Amino acid sequence: MTAALIDGKAIAASVRAEVKTKVAELVARTGVRPGLTVVLVGEDPASRIYVRNKEKAADEAGFLSRMIELPTETEERELLKVVSRLNADPSVHGILVQLPLPKHIDSGKVIKAIDPAKDVDGLNPVNAGLLFAGDAGFIPCTPYGVMRMLDHEKIELKGKHAVVVGRSNLVGKPVAMLLLSRHATVTLCHSRTEDLSSVVRSGDVVIAAVGKARMIRGSWIKPGAVVIDVGINRDDQGKLCGDIAFDEAKEVAGAITPVPGGVGPMTIAMLLQNTYEAATRSLK
């Protein structure tokens with residue numbers, strides 16, 4: 001039996017439509033339009049595409065959307081000045097500094113400089129700590145999107161074994177915290193985990209965020225498991241693929257996300273949701 005396909009594009013479209021409606025209501029009620037500013041440093045082609053897509057989505061949602069482009073050679077102190085200026089601007093509710101930054105800039109220092117109340121990427125240590133404590137900060141957009149997909153598909157997490165492959169601050173660690181908050185039993189593992197295939201095979205839900213093309217084979221998947229593939233890689237032929245060997249896994253899993261068209265569209269949708277939330281919180 002082939003797995004049911006979890007359509008990230010369709011779920012993301014419904015989230016974006018919801019946000020657009022809520023933004024129109026917010027503007028009509030308060031006159032406040034959510035403001036999102038994206039800062040792009042350098043000429044990384046993938047970053048440029050991401051930023052353009054974010055800007056387009058923000059415009060469509062009715063946001064006040066701005067982009068600040070800075071040259072590759074921009075010094076760290078200059079970027080920190082830009083962040084400081086945006087922190088102080090009441091029309092900016094969300095600040096997103098596109099990663100990766102050029103090597104001479106300390107990404108951690110820049111992320112820490114963003115006002116946690118405007119950190120719609122959810123990466124500032126204050127928001128990471130709030131997530132760990134189970135309080136309401138901002139959830140990183142990709143893990144937030146993963147949880148929204150699971151909710152949309154009505155996947156029961158309570159008591160289930162969730163295996164997260166990948167331990168990044170961006171996806172692996174926060175998604176593990178979110179799954180724990182839903183009463184799943186969570187195993188957080190990575191590329192160096194001994195006998196990784198057996199660990200993955202024990203998962204009722206598998207979240208792959210390890211960044212290695214088709215590393216997780218179909219034989220590693222428990223029959224009927226829900227498989228969420230966060231990976232975006234290029235294979236030897238230059239074809240876009242995830243961390244899961246999709247053609248193998250879809251013959252075993254109960255439900256699975258494709259790459260592209262799975263988690264990717266959800267990330268931008270949840271960025272819009274976070275920015276809307278930042279605007280509403282600024283009124284309190």
# chains A, B, ... in the order shown; residues from 1 in each chain; ligands from 1

call {"tool": "residues_around", "arguments": {"residues": "A:Ile232", "least_positions_apart": "4", "cutoff": "10 Å", "atoms": "only C-alpha atoms", "output": "MDAnalysis selection string"}}
result
chainID A and resid 209:214 240:243 259:260 263:264

call {"tool": "residues_around", "arguments": {"residues": "A:Lys103", "least_positions_apart": "4", "cutoff": "12 Å", "atoms": "only C-alpha atoms", "output": "ChimeraX atom specification"}}
result
/A:41-42,72-76,99,107-108

call {"tool": "residues_around", "arguments": {"residues": "stretch 168-171 of chain A", "least_positions_apart": "4", "cutoff": "9 Å", "atoms": "only C-alpha atoms", "output": "number ranges by chain"}}
result
A: 122-123, 128, 140-143, 175-176, 209-210, 230

call {"tool": "write_last_selection", "arguments": {"atoms": "C-alpha atoms", "output": "CSV table (one decimal), in the first residue's frame"}}
result
chain,number,residue,atom,x,y,z
A,122,GLY,CA,12.4,32.1,16.7
A,123,LEU,CA,16.2,31.7,17.0
A,128,ALA,CA,14.7,29.1,22.5
A,140,PRO,CA,11.1,28.6,14.7
A,141,CYS,CA,9.2,28.6,11.5
A,142,THR,CA,10.1,25.1,10.1
A,143,PRO,CA,9.3,23.2,13.4
A,175,VAL,CA,10.8,20.1,17.0
A,176,ALA,CA,11.8,17.6,19.7
A,209,ALA,CA,16.4,16.9,9.3
A,210,VAL,CA,19.9,15.7,8.9
A,230,VAL,CA,12.6,18.5,6.3

call {"tool": "residues_around", "arguments": {"residues": "A:Leu40", "least_positions_apart": "4", "cutoff": "7 Å", "atoms": "only C-alpha atoms", "output": "list in words"}}
result
Ile68, Glu69, Leu70, Val97 and Gln98 of chain A

call {"tool": "atom_distance", "arguments": {"atom1": "atom CA of A:Ser282", "atom2": "atom CA of A:Gly137"}}
result
13.1 Å

call {"tool": "residues_around", "arguments": {"residues": "A:Val27", "least_positions_apart": "5", "cutoff": "12 Å", "atoms": "only C-alpha atoms", "output": "VMD selection string"}}
result
chain A and resid 20 to 22 32 to 35 61 to 64 276 279 to 280

call {"tool": "write_last_selection", "arguments": {"atoms": "C-alpha atoms", "output": "PDB file, in the first residue's frame"}}
result
ATOM      1  CA  LYS A  20      -4.458  37.360   5.165  1.00  0.00           C
ATOM      2  CA  THR A  21      -7.980  37.443   6.632  1.00  0.00           C
ATOM      3  CA  LYS A  22      -6.674  38.148  10.147  1.00  0.00           C
ATOM      4  CA  VAL A  32      -1.851  48.558  12.514  1.00  0.00           C
ATOM      5  CA  ARG A  33      -0.392  46.682   9.542  1.00  0.00           C
ATOM      6  CA  PRO A  34       2.081  43.900  10.421  1.00  0.00           C
ATOM      7  CA  GLY A  35       5.582  44.940   9.334  1.00  0.00           C
ATOM      8  CA  ALA A  61      -0.832  38.705   3.109  1.00  0.00           C
ATOM      9  CA  GLY A  62      -1.192  42.486   3.328  1.00  0.00           C
ATOM     10  CA  PHE A  63       1.950  43.096   5.375  1.00  0.00           C
ATOM     11  CA  LEU A  64       4.171  46.140   5.257  1.00  0.00           C
ATOM     12  CA  TYR A 276       1.022  38.535  12.612  1.00  0.00           C
ATOM     13  CA  ALA A 279       2.008  42.679  15.550  1.00  0.00           C
ATOM     14  CA  THR A 280      -0.905  41.707  17.803  1.00  0.00           C
TER      15      THR A 280
END

call {"tool": "decode", "arguments": {"residues": "stretch 247-258 of chain A", "atoms": "N, CA and C atoms", "output": "JSON list (two decimals), in the first residue's frame"}}
result
[["chain", "number", "residue", "atom", "x", "y", "z"],
["A", 247, "ASP", "N", 11.02, 7.26, -2.80],
["A", 247, "ASP", "CA", 10.39, 6.18, -3.58],
["A", 247, "ASP", "C", 10.33, 4.87, -2.80],
["A", 248, "GLU", "N", 11.34, 4.63, -1.96],
["A", 248, "GLU", "CA", 11.33, 3.43, -1.11],
["A", 248, "GLU", "C", 10.38, 3.61, 0.07],
["A", 249, "ALA", "N", 10.49, 4.77, 0.72],
["A", 249, "ALA", "CA", 9.74, 5.00, 1.97],
["A", 249, "ALA", "C", 8.23, 5.06, 1.75],
["A", 250, "LYS", "N", 7.81, 5.56, 0.58],
["A", 250, "LYS", "CA", 6.37, 5.70, 0.35],
["A", 250, "LYS", "C", 5.67, 4.34, 0.23],
["A", 251, "GLU", "N", 6.45, 3.29, -0.02],
["A", 251, "GLU", "CA", 5.87, 1.94, -0.10],
["A", 251, "GLU", "C", 5.67, 1.31, 1.28],
["A", 252, "VAL", "N", 6.23, 1.96, 2.32],
["A", 252, "VAL", "CA", 6.19, 1.40, 3.67],
["A", 252, "VAL", "C", 5.40, 2.30, 4.64],
["A", 253, "ALA", "N", 5.59, 3.60, 4.51],
["A", 253, "ALA", "CA", 5.00, 4.56, 5.45],
["A", 253, "ALA", "C", 3.48, 4.62, 5.32],
["A", 254, "GLY", "N", 2.86, 5.15, 6.37],
["A", 254, "GLY", "CA", 1.41, 5.39, 6.31],
["A", 254, "GLY", "C", 1.11, 6.73, 5.67],
["A", 255, "ALA", "N", 1.98, 7.72, 5.95],
["A", 255, "ALA", "CA", 1.84, 9.06, 5.37],
["A", 255, "ALA", "C", 3.23, 9.66, 5.26],
["A", 256, "ILE", "N", 3.45, 10.49, 4.22],
["A", 256, "ILE", "CA", 4.79, 11.01, 3.97],
["A", 256, "ILE", "C", 4.70, 12.37, 3.27],
["A", 257, "THR", "N", 5.69, 13.22, 3.54],
["A", 257, "THR", "CA", 5.77, 14.51, 2.84],
["A", 257, "THR", "C", 6.73, 14.37, 1.65],
["A", 258, "PRO", "N", 6.40, 15.00, 0.52],
["A", 258, "PRO", "CA", 7.32, 14.99, -0.61],
["A", 258, "PRO", "C", 8.37, 16.10, -0.48]]
